[in-house]
Amino acid sequence: MLTKQQFLDAFKAVKAGSPLVQNITNYVAMNNSANALLAIGASPVMAHEKSEMDEMTSIAGCLVLNIGTLDEYWMECILEAGRCARRHNKPIVLDPVGAGATSLRTNFCWKVINECHPDIIRGNGSEIMALINADVKSKGVDSSASSCDALSYAKILAERTGAVVVISGQTDYITDGKRVETITNGHPMMPAVTALGCSSTSIVGAFAAVVTDKIVACTAAMALIGLAGERAAKISKGPGSLQVNILDELYQITPEILAEEARA
């Protein structure tokens, strides 16, 4: 289990480093993810032009690859960005949005994994399960399985890929195949806010850019977004106000608050 000092140091590193997080993400999530990164003190860039990938990844602290709104050009850009990030030794976070909904998505995720070797894979229960078991189907981009159901699959995925795997849900699980961390911060209304999972992936990227231990980075990042959600829910009437209030809470939560209120 992470100590309070580890949560404190991880978030302080983000605040001090203000890492540039390059996102190749979907149209739905771009604004949300950029604002979430700004709120925690990181710097977002939404760059997906293939011809600038080498230059962009060379200056970024981390690359986030999100397959939410795929097309053929988007797929080419994702692969090129991943190859460039590997050459520049930059951490890569993959969000397998909708894996299990279609064979295209599932197969492309494995193409990214095999060619780009992401350091972290963050998804919901169904997405993580579908990457291991082709018979698992997700409900579009929403999960039809709990994070608990997916833990055994996440361990297999971590061992097979060498990545730290993060499952978001009522309880968040973070594993490298052997070690398992859990986060129980959050609120039941959070899944009603679109692209919140994608924003979580970008926040994971910010922590991964400045924290060497990727399990520590992922655990602290998931605690932060969960804590922001539960604090925001106390003053929100529904998903609309929750979305805005989560941004405000991400801005207001200090490393000290995270260390004190993270439930690991």
# chains A, B, ... in the order shown; residues from 1 in each chain; ligands from 1
>>> residues_around(residues="Arg83 in chain A", least_positions_apart="2", cutoff="9 Å", atoms="only C-alpha atoms", output="VMD selection string")
chain A and resid 54 78 to 81 85 to 88 115 to 117
>>> write_last_selection(atoms="all heavy atoms", output="short mmCIF file (atom, residue, chain, number, x, y, z; two decimals), in the first residue's frame")
data_model
loop_
_atom_site.label_atom_id
_atom_site.label_comp_id
_atom_site.auth_asym_id
_atom_site.auth_seq_id
_atom_site.Cartn_x
_atom_site.Cartn_y
_atom_site.Cartn_z
N ASP A 54 7.65 13.19 -34.46
CA ASP A 54 8.99 13.03 -33.91
C ASP A 54 9.39 14.24 -33.08
O ASP A 54 9.91 14.10 -31.97
CB ASP A 54 10.01 12.78 -35.02
CG ASP A 54 11.34 12.32 -34.46
OD1 ASP A 54 11.39 11.25 -33.83
OD2 ASP A 54 12.33 13.06 -34.62
N ILE A 78 -1.38 7.32 -34.44
CA ILE A 78 -1.15 6.68 -33.15
C ILE A 78 0.09 5.79 -33.21
O ILE A 78 0.96 5.85 -32.32
CB ILE A 78 -2.39 5.88 -32.72
CG1 ILE A 78 -3.51 6.83 -32.26
CG2 ILE A 78 -2.06 4.86 -31.62
CD1 ILE A 78 -4.84 6.16 -31.99
N LEU A 79 0.19 4.99 -34.25
CA LEU A 79 1.34 4.09 -34.37
C LEU A 79 2.63 4.87 -34.56
O LEU A 79 3.66 4.55 -33.94
CB LEU A 79 1.12 3.12 -35.53
CG LEU A 79 0.02 2.07 -35.32
CD1 LEU A 79 -0.24 1.33 -36.61
CD2 LEU A 79 0.40 1.11 -34.20
N GLU A 80 2.61 5.90 -35.37
CA GLU A 80 3.81 6.71 -35.59
C GLU A 80 4.23 7.41 -34.31
O GLU A 80 5.42 7.45 -33.96
CB GLU A 80 3.55 7.74 -36.69
CG GLU A 80 4.74 8.66 -36.99
CD GLU A 80 5.97 7.93 -37.50
OE1 GLU A 80 5.85 6.77 -37.94
OE2 GLU A 80 7.07 8.52 -37.44
N ALA A 81 3.26 7.95 -33.58
CA ALA A 81 3.58 8.62 -32.31
C ALA A 81 4.18 7.63 -31.33
O ALA A 81 5.16 7.95 -30.63
CB ALA A 81 2.32 9.25 -31.73
N ALA A 85 7.82 7.92 -29.62
CA ALA A 85 7.97 7.98 -28.17
C ALA A 85 8.93 6.91 -27.67
O ALA A 85 9.72 7.16 -26.76
CB ALA A 85 6.60 7.83 -27.50
N ARG A 86 8.87 5.74 -28.27
CA ARG A 86 9.80 4.67 -27.88
C ARG A 86 11.24 5.07 -28.21
O ARG A 86 12.15 4.85 -27.41
CB ARG A 86 9.46 3.36 -28.59
CG ARG A 86 8.31 2.60 -28.01
CD ARG A 86 8.72 1.68 -26.83
NE ARG A 86 9.11 2.41 -25.65
CZ ARG A 86 8.29 2.77 -24.67
NH1 ARG A 86 7.01 2.48 -24.74
NH2 ARG A 86 8.73 3.41 -23.61
N ARG A 87 11.44 5.67 -29.38
CA ARG A 87 12.79 6.11 -29.76
C ARG A 87 13.32 7.15 -28.79
O ARG A 87 14.52 7.17 -28.49
CB ARG A 87 12.80 6.68 -31.18
CG ARG A 87 12.70 5.64 -32.27
CD ARG A 87 13.18 6.19 -33.61
NE ARG A 87 12.39 7.33 -34.06
CZ ARG A 87 11.30 7.23 -34.79
NH1 ARG A 87 10.83 6.05 -35.14
NH2 ARG A 87 10.65 8.33 -35.18
N HIS A 88 12.43 8.04 -28.32
CA HIS A 88 12.85 9.10 -27.40
C HIS A 88 12.74 8.69 -25.93
O HIS A 88 12.95 9.51 -25.04
CB HIS A 88 11.99 10.35 -27.65
CG HIS A 88 12.24 10.99 -28.98
ND1 HIS A 88 13.44 11.55 -29.34
CD2 HIS A 88 11.41 11.15 -30.06
CE1 HIS A 88 13.37 12.04 -30.56
NE2 HIS A 88 12.14 11.80 -31.03
N GLU A 115 3.67 -3.06 -31.25
CA GLU A 115 4.61 -2.19 -31.96
C GLU A 115 5.16 -1.05 -31.11
O GLU A 115 6.28 -0.59 -31.33
CB GLU A 115 3.95 -1.61 -33.22
CG GLU A 115 3.62 -2.66 -34.26
CD GLU A 115 3.19 -2.04 -35.60
OE1 GLU A 115 3.50 -0.85 -35.84
OE2 GLU A 115 2.56 -2.77 -36.39
N CYS A 116 4.37 -0.60 -30.13
CA CYS A 116 4.76 0.59 -29.36
C CYS A 116 5.09 0.29 -27.89
O CYS A 116 5.69 1.13 -27.22
CB CYS A 116 3.64 1.64 -29.41
SG CYS A 116 3.12 2.07 -31.09
N HIS A 117 4.68 -0.85 -27.40
CA HIS A 117 5.01 -1.31 -26.05
C HIS A 117 4.68 -0.26 -24.98
O HIS A 117 5.58 0.27 -24.32
CB HIS A 117 6.49 -1.69 -25.98
CG HIS A 117 6.92 -2.64 -27.06
ND1 HIS A 117 6.51 -3.96 -27.08
CD2 HIS A 117 7.68 -2.44 -28.17
CE1 HIS A 117 7.03 -4.55 -28.15
NE2 HIS A 117 7.73 -3.65 -28.83
#
>>> select_by_dssp(residues="range 98-199 of chain A", states="strand (DSSP E or B)", output="PDB file with N, CA and C atoms, in the first residue's frame")
ATOM      1  N   ALA A  99     -12.550  -1.356 -26.595  1.00  0.00           N
ATOM      2  CA  ALA A  99     -12.026  -2.691 -26.896  1.00  0.00           C
ATOM      3  C   ALA A  99     -13.080  -3.713 -26.503  1.00  0.00           C
ATOM      4  N   THR A 102     -15.835  -3.907 -30.967  1.00  0.00           N
ATOM      5  CA  THR A 102     -15.623  -4.350 -32.348  1.00  0.00           C
ATOM      6  C   THR A 102     -14.246  -5.004 -32.443  1.00  0.00           C
ATOM      7  N   ILE A 120       1.852   1.785 -19.701  1.00  0.00           N
ATOM      8  CA  ILE A 120       0.635   1.731 -18.897  1.00  0.00           C
ATOM      9  C   ILE A 120      -0.556   1.515 -19.827  1.00  0.00           C
ATOM     10  N   ILE A 121      -1.482   0.659 -19.413  1.00  0.00           N
ATOM     11  CA  ILE A 121      -2.751   0.463 -20.118  1.00  0.00           C
ATOM     12  C   ILE A 121      -3.857   0.737 -19.115  1.00  0.00           C
ATOM     13  N   ARG A 122      -4.715   1.740 -19.396  1.00  0.00           N
ATOM     14  CA  ARG A 122      -5.798   2.084 -18.474  1.00  0.00           C
ATOM     15  C   ARG A 122      -7.140   1.979 -19.165  1.00  0.00           C
ATOM     16  N   GLY A 123      -8.026   1.155 -18.615  1.00  0.00           N
ATOM     17  CA  GLY A 123      -9.341   1.003 -19.209  1.00  0.00           C
ATOM     18  C   GLY A 123     -10.358   0.570 -18.177  1.00  0.00           C
ATOM     19  N   ASN A 124     -11.616   0.414 -18.629  1.00  0.00           N
ATOM     20  CA  ASN A 124     -12.643  -0.097 -17.718  1.00  0.00           C
ATOM     21  C   ASN A 124     -12.601  -1.628 -17.711  1.00  0.00           C
ATOM     22  N   LYS A 139     -20.184  -2.779 -23.906  1.00  0.00           N
ATOM     23  CA  LYS A 139     -21.391  -2.077 -24.363  1.00  0.00           C
ATOM     24  C   LYS A 139     -20.964  -0.742 -24.959  1.00  0.00           C
ATOM     25  N   ASP A 142     -18.828   1.806 -22.931  1.00  0.00           N
ATOM     26  CA  ASP A 142     -19.128   1.658 -21.509  1.00  0.00           C
ATOM     27  C   ASP A 142     -18.831   0.230 -21.061  1.00  0.00           C
ATOM     28  N   VAL A 164       2.049  -1.698 -16.754  1.00  0.00           N
ATOM     29  CA  VAL A 164       1.191  -1.571 -15.579  1.00  0.00           C
ATOM     30  C   VAL A 164      -0.236  -1.392 -16.089  1.00  0.00           C
ATOM     31  N   VAL A 165      -1.160  -2.176 -15.558  1.00  0.00           N
ATOM     32  CA  VAL A 165      -2.547  -2.135 -16.024  1.00  0.00           C
ATOM     33  C   VAL A 165      -3.423  -1.508 -14.941  1.00  0.00           C
ATOM     34  N   VAL A 166      -4.246  -0.557 -15.361  1.00  0.00           N
ATOM     35  CA  VAL A 166      -5.151   0.158 -14.461  1.00  0.00           C
ATOM     36  C   VAL A 166      -6.584  -0.132 -14.889  1.00  0.00           C
ATOM     37  N   ILE A 167      -7.397  -0.621 -13.945  1.00  0.00           N
ATOM     38  CA  ILE A 167      -8.825  -0.827 -14.202  1.00  0.00           C
ATOM     39  C   ILE A 167      -9.589   0.201 -13.394  1.00  0.00           C
ATOM     40  N   SER A 168     -10.409   0.998 -14.068  1.00  0.00           N
ATOM     41  CA  SER A 168     -11.232   1.974 -13.357  1.00  0.00           C
ATOM     42  C   SER A 168     -12.598   1.383 -13.075  1.00  0.00           C
ATOM     43  N   ASP A 172     -10.760   1.076  -8.067  1.00  0.00           N
ATOM     44  CA  ASP A 172      -9.734   1.081  -9.107  1.00  0.00           C
ATOM     45  C   ASP A 172      -8.629   0.108  -8.709  1.00  0.00           C
ATOM     46  N   TYR A 173      -8.195  -0.700  -9.675  1.00  0.00           N
ATOM     47  CA  TYR A 173      -7.109  -1.640  -9.438  1.00  0.00           C
ATOM     48  C   TYR A 173      -5.918  -1.267 -10.310  1.00  0.00           C
ATOM     49  N   ILE A 174      -4.732  -1.343  -9.730  1.00  0.00           N
ATOM     50  CA  ILE A 174      -3.497  -1.054 -10.444  1.00  0.00           C
ATOM     51  C   ILE A 174      -2.563  -2.229 -10.216  1.00  0.00           C
ATOM     52  N   THR A 175      -2.073  -2.858 -11.293  1.00  0.00           N
ATOM     53  CA  THR A 175      -1.257  -4.053 -11.128  1.00  0.00           C
ATOM     54  C   THR A 175      -0.166  -4.156 -12.178  1.00  0.00           C
ATOM     55  N   VAL A 180      -0.527  -5.516  -6.501  1.00  0.00           N
ATOM     56  CA  VAL A 180      -1.843  -4.929  -6.759  1.00  0.00           C
ATOM     57  C   VAL A 180      -2.086  -3.796  -5.773  1.00  0.00           C
ATOM     58  N   GLU A 181      -2.447  -2.638  -6.285  1.00  0.00           N
ATOM     59  CA  GLU A 181      -2.872  -1.512  -5.463  1.00  0.00           C
ATOM     60  C   GLU A 181      -4.339  -1.234  -5.752  1.00  0.00           C
ATOM     61  N   THR A 182      -5.065  -0.725  -4.770  1.00  0.00           N
ATOM     62  CA  THR A 182      -6.479  -0.387  -4.965  1.00  0.00           C
ATOM     63  C   THR A 182      -6.749   1.035  -4.503  1.00  0.00           C
ATOM     64  N   ILE A 183      -7.700   1.674  -5.171  1.00  0.00           N
ATOM     65  CA  ILE A 183      -8.168   3.009  -4.796  1.00  0.00           C
ATOM     66  C   ILE A 183      -9.690   2.961  -4.725  1.00  0.00           C
TER      67      ILE A 183
END
>>> residues_around(residues="range 216-230 of chain A", least_positions_apart="3", cutoff="8 Å", atoms="only C-alpha atoms", output="CSV table (one decimal) with N, CA and C atoms, in the first residue's frame")
chain,number,residue,atom,x,y,z
A,2,LEU,N,0.5,2.2,-0.8
A,2,LEU,CA,1.3,3.5,-0.8
A,2,LEU,C,1.1,4.2,0.5
A,6,GLN,N,4.3,9.0,-0.3
A,6,GLN,CA,4.3,8.7,-1.7
A,6,GLN,C,3.3,9.5,-2.5
A,7,PHE,N,2.1,9.6,-1.9
A,7,PHE,CA,1.0,10.4,-2.6
A,7,PHE,C,1.5,11.8,-2.6
A,10,ALA,N,4.4,12.3,-5.2
A,10,ALA,CA,4.0,12.2,-6.6
A,10,ALA,C,3.3,13.4,-7.1
A,11,PHE,N,2.3,13.9,-6.3
A,11,PHE,CA,1.6,15.1,-6.8
A,11,PHE,C,2.5,16.3,-6.7
A,166,VAL,N,-4.2,-0.6,-15.4
A,166,VAL,CA,-5.2,0.2,-14.5
A,166,VAL,C,-6.6,-0.1,-14.9
A,172,ASP,N,-10.8,1.1,-8.1
A,172,ASP,CA,-9.7,1.1,-9.1
A,172,ASP,C,-8.6,0.1,-8.7
A,174,ILE,N,-4.7,-1.3,-9.7
A,174,ILE,CA,-3.5,-1.1,-10.4
A,174,ILE,C,-2.6,-2.2,-10.2
A,181,GLU,N,-2.4,-2.6,-6.3
A,181,GLU,CA,-2.9,-1.5,-5.5
A,181,GLU,C,-4.3,-1.2,-5.8
A,182,THR,N,-5.1,-0.7,-4.8
A,182,THR,CA,-6.5,-0.4,-5.0
A,182,THR,C,-6.7,1.0,-4.5
A,183,ILE,N,-7.7,1.7,-5.2
A,183,ILE,CA,-8.2,3.0,-4.8
A,183,ILE,C,-9.7,3.0,-4.7
A,184,THR,N,-10.2,3.5,-3.6
A,184,THR,CA,-11.7,3.4,-3.5
A,184,THR,C,-12.3,4.9,-3.4
A,185,ASN,N,-11.5,5.9,-3.7
A,185,ASN,CA,-12.1,7.2,-3.9
A,185,ASN,C,-13.0,7.2,-5.1
A,186,GLY,N,-14.0,8.1,-5.1
A,186,GLY,CA,-14.9,8.2,-6.3
A,186,GLY,C,-16.3,8.4,-5.9
A,187,HIS,N,-17.2,8.4,-6.8
A,187,HIS,CA,-18.6,8.6,-6.6
A,187,HIS,C,-19.4,8.0,-7.7
A,190,MET,N,-20.0,9.6,-11.2
A,190,MET,CA,-18.9,9.9,-12.2
A,190,MET,C,-19.1,9.2,-13.5
A,200,SER,N,-9.0,10.8,-16.9
A,200,SER,CA,-8.2,10.0,-16.0
A,200,SER,C,-7.0,9.5,-16.6
A,203,ILE,N,-4.5,12.2,-16.9
A,203,ILE,CA,-3.9,12.5,-15.6
A,203,ILE,C,-2.9,11.5,-15.2
A,204,VAL,N,-3.2,10.2,-15.5
A,204,VAL,CA,-2.2,9.2,-15.4
A,204,VAL,C,-0.9,9.5,-16.1
A,207,PHE,N,1.3,12.1,-14.3
A,207,PHE,CA,2.0,11.5,-13.2
A,207,PHE,C,3.2,10.6,-13.7
A,208,ALA,N,2.9,9.8,-14.8
A,208,ALA,CA,3.9,8.9,-15.4
A,208,ALA,C,5.1,9.7,-15.9
A,211,VAL,N,7.0,10.6,-12.4
A,211,VAL,CA,7.2,9.6,-11.3
A,211,VAL,C,7.7,8.3,-11.9
A,212,THR,N,8.9,7.9,-11.5
A,212,THR,CA,9.6,6.7,-12.1
A,212,THR,C,8.8,5.4,-11.8
A,213,ASP,N,8.3,5.2,-10.6
A,213,ASP,CA,7.6,4.0,-10.3
A,213,ASP,C,6.2,4.2,-10.9
A,233,ALA,N,-19.1,15.8,-6.0
A,233,ALA,CA,-20.4,15.3,-5.9
A,233,ALA,C,-21.2,15.9,-4.8
A,234,LYS,N,-20.5,16.3,-3.7
A,234,LYS,CA,-21.2,16.9,-2.6
A,234,LYS,C,-21.9,18.2,-2.9
A,242,LEU,N,-21.5,18.3,-12.0
A,242,LEU,CA,-20.4,17.5,-11.5
A,242,LEU,C,-19.2,17.7,-12.4
A,246,ILE,N,-15.8,19.0,-10.9
A,246,ILE,CA,-14.6,18.1,-10.8
A,246,ILE,C,-13.3,18.9,-11.2
A,247,LEU,N,-13.5,19.7,-12.3
A,247,LEU,CA,-12.4,20.6,-12.7
A,247,LEU,C,-11.9,21.5,-11.6
A,249,GLU,N,-12.3,21.1,-8.4
A,249,GLU,CA,-11.7,20.3,-7.3
A,249,GLU,C,-10.3,19.8,-7.7
A,250,LEU,N,-10.1,19.5,-9.0
A,250,LEU,CA,-8.7,19.1,-9.4
A,250,LEU,C,-7.8,20.3,-9.2
A,253,ILE,N,-7.4,20.8,-5.1
A,253,ILE,CA,-6.8,19.7,-4.2
A,253,ILE,C,-5.3,19.9,-4.2
A,258,LEU,N,-4.4,15.4,-1.0
A,258,LEU,CA,-4.4,14.1,-1.6
A,258,LEU,C,-3.8,13.0,-0.7
A,261,GLU,N,-6.4,12.3,2.1
A,261,GLU,CA,-7.7,11.7,1.8
A,261,GLU,C,-7.7,10.6,0.8
A,262,ALA,N,-6.6,10.3,0.2
A,262,ALA,CA,-6.6,9.1,-0.7
A,262,ALA,C,-6.8,7.8,0.1
A,263,ARG,N,-7.7,7.0,-0.5
A,263,ARG,CA,-8.0,5.7,0.2
A,263,ARG,C,-7.4,4.6,-0.6
A,264,ALA,N,-6.3,4.2,-0.2
A,264,ALA,CA,-5.5,3.1,-0.9
A,264,ALA,C,-5.6,1.8,-0.2
>>> closest_residue(among="A:Ile59, A:Val193, A:Ala130, A:Ile67", to="Pro19 in chain A", atoms="only C-alpha atoms")
A:Ile59
>>> select_by_dssp(residues="range 18-162 of chain A", states="alpha helix (DSSP H)", output="number ranges by chain")
A: 30-40, 53-59, 72-87, 103-116, 125-132, 147-161
>>> residues_around(residues="Leu38 in chain A", least_positions_apart="2", cutoff="10 Å", atoms="only C-alpha atoms", output="PyMOL selection string")
chain A and resi 18+33-36+40-44+203+247+250-251
>>> write_last_selection(atoms="C-alpha atoms", output="compact mmCIF listing (two decimals), in the first residue's frame")
# COMPACT_ATOMS: atom_id res chain seq x y z
CA SER A 18 4.36 20.84 -15.02
CA SER A 33 -8.70 16.12 -20.88
CA ALA A 34 -6.90 19.37 -21.65
CA ASN A 35 -8.77 21.20 -18.90
CA ALA A 36 -8.14 18.40 -16.40
CA ILE A 40 -3.63 19.80 -11.84
CA GLY A 41 -0.72 21.91 -13.04
CA ALA A 42 0.34 19.90 -16.09
CA SER A 43 0.55 21.15 -19.67
CA PRO A 44 -1.57 19.51 -22.41
CA ILE A 203 -3.91 12.54 -15.61
CA LEU A 247 -12.36 20.56 -12.70
CA LEU A 250 -8.75 19.11 -9.40
CA TYR A 251 -7.51 22.69 -9.26
>>> atom_distance(atom1="CA of Ala195 in chain A", atom2="CA of Phe108 in chain A")
20.3 Å
